[in-house]
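Have a look at upload.cif below; it lists mmCIF, C-alpha atoms and all ligand atoms.
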```
data_data
#
loop_
_atom_site.label_atom_id
_atom_site.label_comp_id
_atom_site.auth_asym_id
_atom_site.auth_seq_id
_atom_site.Cartn_x
_atom_site.Cartn_y
_atom_site.Cartn_z
CA MET Q 1 33.62 16.80 31.69
CA PRO Q 2 32.27 19.90 29.91
CA ALA Q 3 30.94 22.46 32.38
CA VAL Q 4 27.48 22.40 30.83
CA MET Q 5 27.18 18.69 31.57
CA SER Q 6 28.45 18.76 35.10
CA ARG Q 7 25.63 21.15 35.99
CA PHE Q 8 23.07 18.47 35.20
CA GLY Q 9 24.69 15.57 36.94
CA LYS Q 10 25.84 12.14 35.85
CA ALA Q 11 22.36 10.78 35.29
CA ALA Q 12 21.84 13.25 32.46
CA LEU Q 13 24.84 11.96 30.54
CA SER Q 14 23.34 8.83 29.02
CA GLY Q 15 20.87 10.66 26.79
CA VAL Q 16 23.05 13.71 26.22
CA GLN Q 17 26.13 11.70 25.23
CA ARG Q 18 24.18 10.07 22.43
CA LEU Q 19 23.92 13.52 20.85
CA GLY Q 20 27.65 14.23 20.84
CA LEU Q 21 29.01 17.72 21.24
CA LYS Q 22 27.88 19.05 17.85
CA SER Q 23 24.67 20.44 19.27
CA MET Q 24 26.65 22.73 21.54
CA VAL Q 25 28.35 24.54 18.66
CA PRO Q 26 26.54 27.59 17.32
CA GLN Q 27 25.78 27.51 13.57
CA SER Q 28 26.38 31.24 13.29
CA ARG Q 29 27.07 33.90 15.81
CA PHE Q 30 23.35 34.83 15.76
CA ILE Q 31 22.07 31.34 16.67
CA ALA Q 32 22.38 30.37 20.33
CA ALA Q 33 23.75 26.90 21.03
CA VAL Q 34 21.12 24.38 22.10
CA ASP Q 35 21.84 22.93 25.50
CA PRO Q 36 22.41 19.18 25.06
CA VAL Q 37 19.86 18.40 27.77
CA ILE Q 38 17.22 20.40 25.89
CA ALA Q 39 18.25 18.87 22.56
CA ARG Q 40 17.78 15.42 24.07
CA ALA Q 41 14.38 16.39 25.54
CA ARG Q 42 13.23 17.64 22.12
CA GLU Q 43 14.47 14.45 20.48
CA MET Q 44 12.55 12.31 22.99
CA GLN Q 45 9.33 14.27 22.48
CA LYS Q 46 9.46 13.29 18.79
CA MET Q 47 10.24 9.61 19.50
CA THR Q 48 7.48 7.13 20.27
CA TYR Q 49 8.10 5.47 23.62
CA ASP Q 50 10.16 2.31 23.20
CA ALA Q 51 10.47 0.22 26.38
CA ALA Q 52 13.32 -1.82 24.84
CA LYS Q 53 15.48 1.30 24.48
CA GLU Q 54 14.31 3.41 27.43
CA GLY Q 55 13.51 0.76 30.01
CA GLU Q 56 10.16 0.61 31.78
CA VAL Q 57 8.41 3.95 32.29
CA LYS Q 58 5.01 4.15 33.94
CA ALA Q 59 2.59 7.02 34.48
CA PRO Q 60 2.19 7.55 38.24
CA ASN Q 61 -0.65 5.78 39.96
CA TYR Q 62 -3.05 8.57 40.97
CA VAL Q 63 -5.71 7.29 43.33
CA GLY Q 64 -7.41 10.30 44.87
CA TRP Q 65 -6.70 11.24 48.51
CA ASP Q 66 -5.19 8.28 50.39
CA LYS Q 67 -3.43 7.57 53.68
CA GLU Q 68 0.02 8.28 52.25
CA ILE Q 69 -0.81 11.81 51.13
CA ASP Q 70 -2.84 12.44 54.27
CA ASP Q 71 0.20 11.52 56.41
CA ASP Q 72 2.50 13.74 54.30
CA PHE Q 73 0.01 16.59 54.45
CA LYS Q 74 -0.21 16.43 58.26
CA LYS Q 75 3.54 16.05 58.67
CA LEU Q 76 4.53 18.95 56.42
CA THR Q 77 2.07 21.65 57.52
CA VAL Q 78 3.87 24.68 58.92
CA GLY Q 79 0.90 26.72 60.16
CA PRO Q 80 -0.25 30.07 58.78
CA VAL Q 81 2.18 31.61 56.30
CA LYS Q 82 3.41 34.86 57.81
CA GLY Q 83 4.57 38.11 56.29
CA GLY Q 84 1.86 39.68 54.13
CA ARG Q 85 2.53 41.77 51.04
CA PRO Q 86 5.65 43.81 51.77
CA TYR Q 87 4.40 47.00 50.05
CA GLY Q 88 5.97 49.23 52.65
CA LYS Q 89 9.50 48.05 51.89
CA ILE Q 90 11.66 46.93 48.98
CA CYS Q 91 11.09 43.26 48.10
CA ASP Q 92 13.97 40.88 47.71
CA SER Q 93 12.51 39.21 44.58
CA ALA Q 94 9.28 38.35 42.78
CA LEU Q 95 9.01 35.36 45.12
CA ASP Q 96 7.87 37.84 47.78
CA LEU Q 97 4.96 38.72 45.48
CA ILE Q 98 3.37 35.29 45.74
CA GLY Q 99 0.39 34.95 48.09
CA PHE Q 100 -1.44 37.61 50.17
CA THR Q 101 -3.80 38.43 47.30
CA PRO Q 102 -6.75 40.82 47.71
CA MET Q 103 -10.46 40.04 48.06
CA VAL Q 104 -12.97 42.19 46.18
CA ARG Q 105 -16.73 42.58 46.76
CA MET Q 106 -18.49 41.84 43.43
CA SER Q 107 -21.36 44.24 44.11
CA ARG Q 108 -21.63 45.66 40.55
CA PHE Q 109 -21.83 42.18 39.11
CA ALA Q 110 -24.31 41.20 41.84
CA LYS Q 111 -26.54 44.17 40.97
CA PHE Q 112 -26.59 43.33 37.24
CA PHE Q 113 -27.31 39.64 37.90
CA ASP Q 114 -29.77 40.23 40.78
CA VAL Q 115 -27.64 38.30 43.25
CA ASP Q 116 -28.81 39.10 46.79
CA CYS Q 117 -26.09 37.47 48.87
CA ASP Q 118 -22.78 39.12 49.66
CA LEU Q 119 -20.50 37.92 46.84
CA LEU Q 120 -16.73 38.16 47.35
CA ALA Q 121 -13.82 37.19 45.08
CA LYS Q 122 -10.33 36.09 46.05
CA VAL Q 123 -8.37 37.48 43.12
CA GLU Q 124 -5.35 35.31 42.39
CA LEU Q 125 -4.17 37.13 39.26
CA PHE Q 126 -2.24 39.41 41.63
CA ASN Q 127 0.35 36.71 42.25
CA ALA Q 128 3.73 37.38 40.61
CA GLY Q 129 3.20 34.89 37.75
CA GLY Q 130 -0.47 35.77 37.40
CA SER Q 131 -2.22 32.76 38.94
CA VAL Q 132 -3.08 30.80 42.07
CA LYS Q 133 -0.56 28.15 40.95
CA ASP Q 134 2.43 30.36 41.80
CA ARG Q 135 1.69 29.44 45.40
CA ILE Q 136 2.17 25.71 44.84
CA ALA Q 137 5.20 26.19 42.59
CA LYS Q 138 6.99 28.08 45.37
CA ARG Q 139 5.90 25.63 48.08
CA MET Q 140 6.76 22.45 46.11
CA VAL Q 141 10.24 23.76 45.28
CA GLU Q 142 10.83 24.87 48.88
CA GLU Q 143 9.73 21.47 50.24
CA ALA Q 144 11.98 19.62 47.78
CA GLU Q 145 14.92 21.84 48.74
CA LYS Q 146 14.22 21.37 52.45
CA SER Q 147 14.21 17.57 52.09
CA GLY Q 148 17.47 17.64 50.10
CA ARG Q 149 15.80 16.22 46.97
CA ILE Q 150 16.82 19.13 44.70
CA LYS Q 151 19.38 21.91 44.60
CA PRO Q 152 19.85 24.86 42.22
CA GLY Q 153 21.24 23.67 38.89
CA ASP Q 154 19.05 20.55 38.83
CA ILE Q 155 16.54 19.83 36.06
CA LEU Q 156 12.85 20.17 36.98
CA ILE Q 157 10.23 18.65 34.68
CA GLU Q 158 6.49 19.16 35.13
CA ALA Q 159 3.32 18.15 33.31
CA THR Q 160 0.89 21.04 33.56
CA SER Q 161 -1.95 22.89 31.90
CA GLY Q 162 0.22 26.00 32.01
CA ASN Q 163 -0.25 27.95 35.20
CA THR Q 164 1.77 25.61 37.39
CA GLY Q 165 4.28 25.79 34.56
CA VAL Q 166 4.42 29.58 34.67
CA GLY Q 167 4.80 29.47 38.47
CA LEU Q 168 7.57 26.87 38.31
CA CYS Q 169 9.36 28.68 35.46
CA LEU Q 170 9.29 31.87 37.53
CA VAL Q 171 10.60 30.16 40.67
CA SER Q 172 13.22 28.29 38.60
CA ALA Q 173 14.35 31.48 36.84
CA ILE Q 174 14.92 33.17 40.20
CA LYS Q 175 16.46 30.20 42.01
CA GLY Q 176 18.51 28.77 39.11
CA TYR Q 177 16.83 25.50 38.08
CA LYS Q 178 16.61 24.24 34.50
CA GLN Q 179 12.90 23.91 33.76
CA ILE Q 180 11.19 21.69 31.19
CA ILE Q 181 7.39 21.88 30.83
CA CYS Q 182 5.22 19.21 29.18
CA LEU Q 183 2.03 20.91 28.03
CA PRO Q 184 -1.05 19.70 26.12
CA GLN Q 185 -1.53 21.40 22.73
CA LYS Q 186 -4.85 23.02 23.81
CA MET Q 187 -3.22 25.42 26.27
CA SER Q 188 -2.86 29.04 25.21
CA GLY Q 189 0.08 30.51 23.29
CA GLU Q 190 0.25 33.30 25.88
CA LYS Q 191 1.18 30.76 28.59
CA VAL Q 192 3.79 29.22 26.27
CA ASN Q 193 5.39 32.58 25.45
CA THR Q 194 5.49 33.54 29.13
CA MET Q 195 7.24 30.30 30.07
CA LYS Q 196 9.71 30.58 27.18
CA CYS Q 197 10.65 34.10 28.22
CA LEU Q 198 11.21 32.80 31.74
CA GLY Q 199 13.85 30.52 30.19
CA ALA Q 200 12.01 27.19 30.09
CA GLU Q 201 11.75 24.54 27.39
CA ILE Q 202 8.15 23.78 26.41
CA LEU Q 203 7.22 20.43 24.87
CA ARG Q 204 3.67 20.08 23.54
CA THR Q 205 1.62 16.86 23.63
CA PRO Q 206 -1.74 15.96 22.01
CA THR Q 207 -4.75 17.38 23.88
CA GLU Q 208 -6.76 14.21 23.25
CA ALA Q 209 -4.17 11.86 24.82
CA ALA Q 210 -5.55 10.12 27.92
CA TRP Q 211 -3.58 11.13 31.01
CA ASP Q 212 -1.70 7.78 31.21
CA ALA Q 213 -1.29 7.24 27.44
CA GLU Q 214 2.27 7.01 26.12
CA ASP Q 215 1.89 10.32 24.26
CA SER Q 216 0.43 12.28 27.23
CA HIS Q 217 2.16 15.20 28.96
CA ILE Q 218 2.26 13.18 32.20
CA PHE Q 219 3.92 10.18 30.54
CA LEU Q 220 6.41 12.37 28.66
CA SER Q 221 7.47 14.03 31.92
CA ALA Q 222 8.14 10.57 33.44
CA ARG Q 223 10.22 9.51 30.40
CA LEU Q 224 12.25 12.71 30.45
CA ALA Q 225 12.90 12.52 34.18
CA LYS Q 226 14.30 9.00 33.75
CA ASP Q 227 16.44 9.80 30.72
CA LEU Q 228 17.74 13.21 31.84
CA GLY Q 229 18.06 12.54 35.55
CA GLY Q 230 15.53 15.28 36.25
CA HIS Q 231 12.93 15.70 39.00
CA VAL Q 232 9.16 15.73 38.57
CA LEU Q 233 7.75 17.51 41.62
CA ASP Q 234 4.34 16.27 40.42
CA GLN Q 235 1.56 18.65 41.37
CA TYR Q 236 -0.95 15.76 41.12
CA LYS Q 237 0.43 13.99 44.17
CA ASN Q 238 2.72 16.47 45.95
CA ALA Q 239 1.46 17.39 49.44
CA GLY Q 240 3.05 20.84 48.92
CA ASN Q 241 0.21 21.57 46.47
CA PRO Q 242 -2.76 21.43 48.90
CA LEU Q 243 -0.52 22.67 51.74
CA ALA Q 244 0.20 25.94 49.92
CA HIS Q 245 -3.53 26.60 50.18
CA TYR Q 246 -4.05 25.11 53.64
CA ASP Q 247 -1.26 27.18 55.21
CA GLY Q 248 -1.69 30.15 52.86
CA THR Q 249 -4.76 30.86 50.71
CA ALA Q 250 -7.35 29.64 53.24
CA GLU Q 251 -5.77 31.46 56.18
CA GLU Q 252 -5.88 34.67 54.14
CA ILE Q 253 -9.55 34.15 53.17
CA ALA Q 254 -10.61 33.47 56.77
CA GLU Q 255 -8.79 36.61 57.95
CA GLN Q 256 -10.09 38.79 55.11
CA CYS Q 257 -13.66 37.62 55.83
CA ASP Q 258 -13.30 38.12 59.59
CA GLY Q 259 -14.35 34.50 59.96
CA LYS Q 260 -17.76 35.13 58.38
CA LEU Q 261 -18.31 32.96 55.32
CA ASP Q 262 -21.19 30.64 54.41
CA TYR Q 263 -20.08 29.19 51.05
CA MET Q 264 -16.65 28.87 49.40
CA ILE Q 265 -16.88 28.13 45.68
CA MET Q 266 -13.88 26.88 43.64
CA SER Q 267 -13.20 25.03 40.43
CA THR Q 268 -10.98 21.98 40.37
CA GLY Q 269 -7.96 20.94 38.34
CA THR Q 270 -5.46 18.96 40.38
CA GLY Q 271 -7.77 19.70 43.31
CA GLY Q 272 -4.96 21.16 45.39
CA THR Q 273 -6.75 24.49 45.78
CA MET Q 274 -10.05 22.81 46.64
CA THR Q 275 -8.56 20.36 49.14
CA GLY Q 276 -6.24 22.78 50.93
CA VAL Q 277 -8.66 25.71 51.11
CA ALA Q 278 -11.64 23.55 52.12
CA LYS Q 279 -9.83 21.63 54.87
CA LYS Q 280 -8.53 24.78 56.58
CA LEU Q 281 -11.74 26.82 56.17
CA LYS Q 282 -13.74 23.99 57.73
CA GLU Q 283 -11.40 24.06 60.73
CA LEU Q 284 -11.54 27.85 61.07
CA ILE Q 285 -15.17 28.60 60.17
CA PRO Q 286 -17.65 26.04 61.55
CA GLY Q 287 -20.55 25.43 59.18
CA VAL Q 288 -18.91 26.80 56.02
CA GLN Q 289 -19.98 24.79 52.96
CA VAL Q 290 -17.75 24.06 50.00
CA VAL Q 291 -18.98 24.06 46.41
CA GLY Q 292 -16.89 22.47 43.64
CA VAL Q 293 -17.23 23.45 39.99
CA ASP Q 294 -16.31 20.95 37.27
CA PRO Q 295 -16.64 21.41 33.49
CA TYR Q 296 -18.71 19.02 31.37
CA GLY Q 297 -16.22 16.67 29.71
CA SER Q 298 -14.41 16.11 33.04
CA ILE Q 299 -15.21 13.37 35.55
CA LEU Q 300 -14.21 14.99 38.87
CA ALA Q 301 -17.71 15.82 40.15
CA GLU Q 302 -19.80 13.51 42.31
CA PRO Q 303 -22.06 11.57 42.11
CA ALA Q 304 -20.56 10.09 38.92
CA HIS Q 305 -23.76 10.31 36.87
CA VAL Q 306 -23.70 14.14 36.86
CA ASN Q 307 -20.65 13.94 34.61
CA GLU Q 308 -22.39 11.93 31.89
CA LYS Q 309 -23.70 14.71 29.66
CA SER Q 310 -24.82 18.33 29.55
CA ASN Q 311 -28.51 18.21 28.67
CA ARG Q 312 -28.30 21.74 27.23
CA THR Q 313 -25.21 21.45 24.97
CA GLY Q 314 -24.84 17.67 24.66
CA GLN Q 315 -21.17 17.80 25.85
CA GLU Q 316 -20.38 14.27 27.02
CA LYS Q 317 -17.96 13.02 29.63
CA LEU Q 318 -14.36 12.48 28.51
CA THR Q 319 -14.79 14.75 25.48
CA ALA Q 320 -12.65 17.85 24.86
CA TYR Q 321 -13.75 21.26 26.13
CA GLN Q 322 -12.17 24.70 25.76
CA VAL Q 323 -11.79 26.04 29.32
CA GLU Q 324 -8.20 25.54 30.47
CA GLY Q 325 -6.77 24.40 33.78
CA ILE Q 326 -9.78 22.63 35.29
CA GLY Q 327 -11.31 19.17 35.02
CA TYR Q 328 -9.57 15.83 34.38
CA ASP Q 329 -10.07 12.29 33.13
CA PHE Q 330 -8.58 10.83 36.35
CA ILE Q 331 -8.76 11.61 40.07
CA PRO Q 332 -5.52 13.32 41.18
CA THR Q 333 -4.12 12.11 44.49
CA VAL Q 334 -4.20 15.67 45.93
CA LEU Q 335 -7.97 15.91 45.41
CA ASP Q 336 -9.95 14.92 48.50
CA ARG Q 337 -13.53 14.90 47.26
CA GLU Q 338 -14.79 14.29 50.82
CA VAL Q 339 -14.35 18.02 51.51
CA VAL Q 340 -16.80 19.05 48.78
CA ASP Q 341 -20.41 19.50 49.96
CA HIS Q 342 -21.97 20.31 46.55
CA TRP Q 343 -20.82 19.97 42.94
CA VAL Q 344 -21.96 22.10 39.99
CA LYS Q 345 -21.21 21.29 36.32
CA THR Q 346 -20.63 24.03 33.73
CA ASP Q 347 -20.34 24.35 29.94
CA ASP Q 348 -17.80 26.33 27.90
CA ASP Q 349 -20.29 28.84 26.48
CA GLU Q 350 -21.68 29.96 29.87
CA ALA Q 351 -18.12 30.09 31.26
CA PHE Q 352 -16.87 32.41 28.52
CA ALA Q 353 -19.99 34.59 28.72
CA MET Q 354 -19.41 34.81 32.47
CA CYS Q 355 -15.72 35.73 32.00
CA ARG Q 356 -16.73 38.60 29.78
CA ALA Q 357 -19.43 39.65 32.25
CA ILE Q 358 -16.92 39.76 35.12
CA VAL Q 359 -14.49 41.81 33.02
CA ARG Q 360 -17.31 44.17 31.93
CA HIS Q 361 -19.07 44.63 35.27
CA GLU Q 362 -16.23 44.36 37.77
CA GLY Q 363 -13.17 45.44 35.77
CA LEU Q 364 -11.40 42.33 37.01
CA LEU Q 365 -9.22 41.00 34.19
CA ILE Q 366 -9.72 37.34 35.03
CA GLY Q 367 -9.08 34.09 33.10
CA GLY Q 368 -11.26 31.36 31.59
CA SER Q 369 -11.65 29.03 34.57
CA CYS Q 370 -12.90 32.02 36.61
CA GLY Q 371 -15.86 32.14 34.20
CA SER Q 372 -16.60 28.48 35.02
CA THR Q 373 -16.27 29.14 38.75
CA VAL Q 374 -18.60 32.13 38.72
CA ALA Q 375 -21.06 30.46 36.30
CA GLY Q 376 -21.21 27.55 38.77
CA ALA Q 377 -21.48 29.91 41.74
CA TYR Q 378 -24.28 31.87 40.05
CA ARG Q 379 -26.27 28.73 39.26
CA PHE Q 380 -25.79 27.51 42.86
CA ILE Q 381 -26.78 30.87 44.37
CA LYS Q 382 -29.96 31.09 42.25
CA GLN Q 383 -30.97 27.45 42.70
CA ASN Q 384 -30.56 27.69 46.47
CA LYS Q 385 -32.07 31.21 46.66
CA LEU Q 386 -29.19 32.51 48.77
CA GLY Q 387 -30.33 35.81 50.27
CA LYS Q 388 -28.88 38.90 51.95
CA ASP Q 389 -27.96 37.04 55.11
CA LYS Q 390 -25.50 34.75 53.27
CA ARG Q 391 -21.91 35.40 52.22
CA CYS Q 392 -20.30 33.49 49.31
CA ALA Q 393 -16.71 33.70 48.14
CA VAL Q 394 -15.35 32.54 44.79
CA LEU Q 395 -11.69 31.92 44.04
CA LEU Q 396 -10.65 33.46 40.70
CA ALA Q 397 -7.58 31.49 39.64
CA ASP Q 398 -5.84 33.45 36.88
CA SER Q 399 -5.73 36.40 34.52
CA SER Q 400 -7.01 37.52 31.09
CA ARG Q 401 -3.33 37.89 30.13
CA ASN Q 402 -3.30 34.14 29.42
CA TYR Q 403 -6.24 34.34 27.01
CA MET Q 404 -5.87 37.55 25.01
CA SER Q 405 -5.93 35.52 21.76
CA LYS Q 406 -8.71 33.22 23.03
CA PHE Q 407 -11.93 34.15 24.90
CA MET Q 408 -10.92 37.83 24.99
CA ASP Q 409 -10.80 37.87 21.17
CA ASP Q 410 -14.15 38.16 19.28
CA GLY Q 411 -12.63 36.45 16.21
CA TRP Q 412 -11.46 33.44 18.21
CA MET Q 413 -14.87 33.18 19.88
CA GLU Q 414 -16.74 33.18 16.57
CA SER Q 415 -14.37 30.73 14.91
CA ASN Q 416 -14.78 28.35 17.85
CA GLY Q 417 -18.56 28.38 17.69
CA PHE Q 418 -19.35 30.97 20.37
CA SER Q 419 -21.78 33.48 18.81
CA MET Q 420 -20.71 37.00 19.76
CA SER Q 421 -24.23 38.33 19.44
CA LYS Q 422 -25.32 35.82 22.10
CA MET Q 423 -22.27 36.58 24.24
CA ASN Q 424 -22.93 40.31 24.05
CA ALA Q 425 -26.59 39.82 24.91
CA ALA Q 426 -25.61 37.74 27.96
CA VAL Q 427 -23.09 40.34 29.11
CA PHE Q 428 -24.90 43.61 28.37
CA GLU Q 429 -28.65 42.89 28.50
CA LYS Q 430 -30.16 42.20 31.88
CA GLY Q 431 -31.84 38.80 32.12
CA GLU Q 432 -30.43 37.43 28.82
CA TYR Q 433 -27.76 35.28 30.48
CA ASP Q 434 -30.42 33.37 32.42
CA LYS Q 435 -32.49 32.75 29.28
CA LEU Q 436 -29.53 31.66 27.17
CA PHE Q 437 -27.98 29.34 29.74
CA HIS Q 438 -31.15 28.10 31.46
CA VAL Q 439 -30.39 29.38 34.96
C1 LIG Q 501 -6.70 28.55 35.18
C2 LIG Q 501 -6.77 27.55 36.28
N1 LIG Q 501 -7.84 27.54 37.07
C3 LIG Q 501 -7.99 26.64 38.04
C4 LIG Q 501 -7.02 25.70 38.29
C5 LIG Q 501 -7.28 24.66 39.34
O1 LIG Q 501 -6.39 24.63 40.38
P1 LIG Q 501 -6.06 23.28 41.11
O2 LIG Q 501 -5.05 22.55 40.25
O3 LIG Q 501 -5.50 23.67 42.42
O4 LIG Q 501 -7.31 22.48 41.24
C6 LIG Q 501 -5.88 25.68 37.50
C7 LIG Q 501 -4.85 24.68 37.69
O5 LIG Q 501 -3.90 24.58 36.94
C8 LIG Q 501 -5.75 26.64 36.47
O6 LIG Q 501 -4.67 26.67 35.67
#
```

Kindly return the structure encoded in the file as structure tokens.
Amino acid sequence: MPAVMSRFGKAALSGVQRLGLKSMVPQSRFIAAVDPVIARAREMQKMTYDAAKEGEVKAPNYVGWDKEIDDDFKKLTVGPVKGGRPYGKICDSALDLIGFTPMVRMSRFAKFFDVDCDLLAKVELFNAGGSVKDRIAKRMVEEAEKSGRIKPGDILIEATSGNTGVGLCLVSAIKGYKQIICLPQKMSGEKVNTMKCLGAEILRTPTEAAWDAEDSHIFLSARLAKDLGGHVLDQYKNAGNPLAHYDGTAEEIAEQCDGKLDYMIMSTGTGGTMTGVAKKLKELIPGVQVVGVDPYGSILAEPAHVNEKSNRTGQEKLTAYQVEGIGYDFIPTVLDREVVDHWVKTDDDEAFAMCRAIVRHEGLLIGGSCGSTVAGAYRFIKQNKLGKDKRCAVLLADSSRNYMSKFMDDGWMESNGFSMSKMNAAVFEKGEYDKLFHV
């Protein structure tokens, strides 16, 4: 058996054998050979699903938080993650630079926007891969290793909006897994380039595909896992996702706030951050309230009717929006909506204006979903007239690095219908944001 095949196990052979060995031979000395596993994955991405040839493949059945995940969650918790950022000594690898992120007081932003309450940000761009999702990538791989499900050399396949992908590619690069990422077309080129440089194979799927459609990123990951003998850790139903935040992120926030926090405000993708952070904070800080932010277009917020339509922009439920990483057209199993006390909906334009305002007023080089989170937080703070005696924290999930060619670029903004004169007014002229976005 050729060495390259033995690394990926017997299960990978069926698809790979069909390709023959030709694909392993370089065409010239400047063209690297394509790994047969990757060649097969690329071939499958181009093929329409055919049950007669591939056998039955089904998208997982995501049902929102249920007894099974609740049991797993309770069983696998390890208590507060220990260690902190090892700045005083030499780190063993970038894996040591995941977690233990800083919190920053957003007082300059608060002054410009006349926010009276104490506004704090948990800044997740300081994780090694640049987002909050590094935490779950590390935890899901560690759990799978602990249970004996995977070992270095195996193929990992994940459907993601990019940040979980970057986290997994980073962990895989360090630990020696072969990583394939199934990614909707909408997600930024910066995320794709980062994952490619980390050694992963990226397969794009149509943005408009419903999550369980045969051309979706989730369905493709299930097909590839079956054909290649790979493992989908599946952030949508893996207890390691919320646990990374329950044992990690939330413990850090409670400690950094000295146990004083009135509102925790987060946006929701898989819901792992929301569920894990909210559950632990509610145990540690009695009375803390949790606010969820969901973009128009998505259906995660409750009650269901709030998702129907944005009265200001007309964005309807289950229609495409630009902000990446948050909102879905199904309820992931790791999302426990019981933990959310209030939901706020946001539109793309206010989110991108808010991103630019955070960059301008706080110097925090944050990503697109952070604009949604803070736009939602701002609306909530103003509507509820939160005063000096209240403390609110927002979780800022990723970095501007992912969006240099998107909301950070004036040309991209204009060509996607976001007027830069309006954006600049909202960011630089006091009071304009409220008028433009009806706060
Ligand atoms: C940019 C960004 N923000 C927020 C989130 C939401 O995190 P979660 O999946 O834990 O809900 C994600 C998830 O991928 C993300 O990529």

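Proximity to Q:Phe219 at 8 Å, evaluated using only C-alpha atoms and with sequence-adjacent residues fewer than 6 positions away removed, yields Q:Val57, Q:Lys58, Q:Ala59, Q:Trp211, Q:Asp212, Q:Ala213.
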
**Asked** So which residues touch stretch 242-245 of chain Q within 8 Å, counting all atoms listed in the file, skipping near sequence neighbours fewer than 5 positions away, as a list in words?
**Response**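 Skipping anything fewer than 5 positions along the chain leaves Phe73, Leu76, Thr77, Arg135, Ile136, Arg139, Ala250, Gly271, Gly272, Thr273, Met274, Thr275, Gly276, Val277 and Val334 of chain Q.
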
Box along x, y and z, 6 Å on every side, all listed atoms of ligand LIG 501 (chain Q) inside: centre and edge lengths in Å to one decimal, as JSON.
```
{"center_x": -5.9, "center_y": 25.5, "center_z": 38.8, "size_x": 16.1, "size_y": 18.1, "size_z": 19.2}
```

**Message:** Please list as a count of residues only every residue within 8 Å of stretch 178-195 of chain Q, counting all atoms listed in the file and excluding residues in the same chain fewer than 6 positions away.
**Reply:** 37

Closest pair table for stretch 299-349 of chain Q residues within 12 Å of stretch 254-267 of chain Q, only C-alpha atoms, as CSV:
```
residue,atom,partner,partner_atom,distance
Q:Leu300,CA,Q:Ser267,CA,10.2
Q:Ala301,CA,Q:Ser267,CA,10.3
Q:Val323,CA,Q:Ser267,CA,11.2
Q:Glu324,CA,Q:Ser267,CA,11.2
Q:Gly325,CA,Q:Ser267,CA,9.3
Q:Ile326,CA,Q:Ser267,CA,6.6
Q:Gly327,CA,Q:Ser267,CA,8.2
Q:Tyr328,CA,Q:Ser267,CA,11.6
Q:Leu335,CA,Q:Ser267,CA,11.6
Q:Val339,CA,Q:Met264,CA,11.3
Q:Val340,CA,Q:Ile265,CA,9.6
Q:Asp341,CA,Q:Tyr263,CA,9.8
Q:His342,CA,Q:Ile265,CA,9.4
Q:Trp343,CA,Q:Ile265,CA,9.5
Q:Val344,CA,Q:Ser267,CA,9.2
Q:Lys345,CA,Q:Ser267,CA,9.7
Q:Thr346,CA,Q:Ser267,CA,10.1
```

**Item:** Best match for closeness to ligand LIG 501 (chain Q) among Q:Met408, Q:Val132, Q:Val427, Q:Ala173, counting only C-alpha atoms and all ligand atoms
**Value:**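 The closest residue to ligand LIG 501 (chain Q) is Q:Val132.
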
**Message:** For a quick check of your reading of the model, name the residues lying within 12 Å of the coordinate (-21.9, 41.0, 21.6), counting all atoms listed in the file, and write them as a list in words.
**Reply:**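 Every polymer residue passing the test: Ala353, Arg356, Ala357, Arg360, Met408, Asp409, Asp410, Gly411, Met413, Glu414, Phe418, Ser419, Met420, Ser421, Lys422, Met423, Asn424, Ala425, Ala426, Val427, Phe428, Glu429 and Glu432 of chain Q.
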
Please save C-alpha atoms of the selected residues as a PDB file, keeping the file's coordinate frame.
```pdb
ATOM      1  CA  ALA Q 353     -19.990  34.590  28.720  1.00  0.00           C
ATOM      2  CA  ARG Q 356     -16.730  38.600  29.780  1.00  0.00           C
ATOM      3  CA  ALA Q 357     -19.430  39.650  32.250  1.00  0.00           C
ATOM      4  CA  ARG Q 360     -17.310  44.170  31.930  1.00  0.00           C
ATOM      5  CA  MET Q 408     -10.920  37.830  24.990  1.00  0.00           C
ATOM      6  CA  ASP Q 409     -10.800  37.870  21.170  1.00  0.00           C
ATOM      7  CA  ASP Q 410     -14.150  38.160  19.280  1.00  0.00           C
ATOM      8  CA  GLY Q 411     -12.630  36.450  16.210  1.00  0.00           C
ATOM      9  CA  MET Q 413     -14.870  33.180  19.880  1.00  0.00           C
ATOM     10  CA  GLU Q 414     -16.740  33.180  16.570  1.00  0.00           C
ATOM     11  CA  PHE Q 418     -19.350  30.970  20.370  1.00  0.00           C
ATOM     12  CA  SER Q 419     -21.780  33.480  18.810  1.00  0.00           C
ATOM     13  CA  MET Q 420     -20.710  37.000  19.760  1.00  0.00           C
ATOM     14  CA  SER Q 421     -24.230  38.330  19.440  1.00  0.00           C
ATOM     15  CA  LYS Q 422     -25.320  35.820  22.100  1.00  0.00           C
ATOM     16  CA  MET Q 423     -22.270  36.580  24.240  1.00  0.00           C
ATOM     17  CA  ASN Q 424     -22.930  40.310  24.050  1.00  0.00           C
ATOM     18  CA  ALA Q 425     -26.590  39.820  24.910  1.00  0.00           C
ATOM     19  CA  ALA Q 426     -25.610  37.740  27.960  1.00  0.00           C
ATOM     20  CA  VAL Q 427     -23.090  40.340  29.110  1.00  0.00           C
ATOM     21  CA  PHE Q 428     -24.900  43.610  28.370  1.00  0.00           C
ATOM     22  CA  GLU Q 429     -28.650  42.890  28.500  1.00  0.00           C
ATOM     23  CA  GLU Q 432     -30.430  37.430  28.820  1.00  0.00           C
TER      24      GLU Q 432
END
```
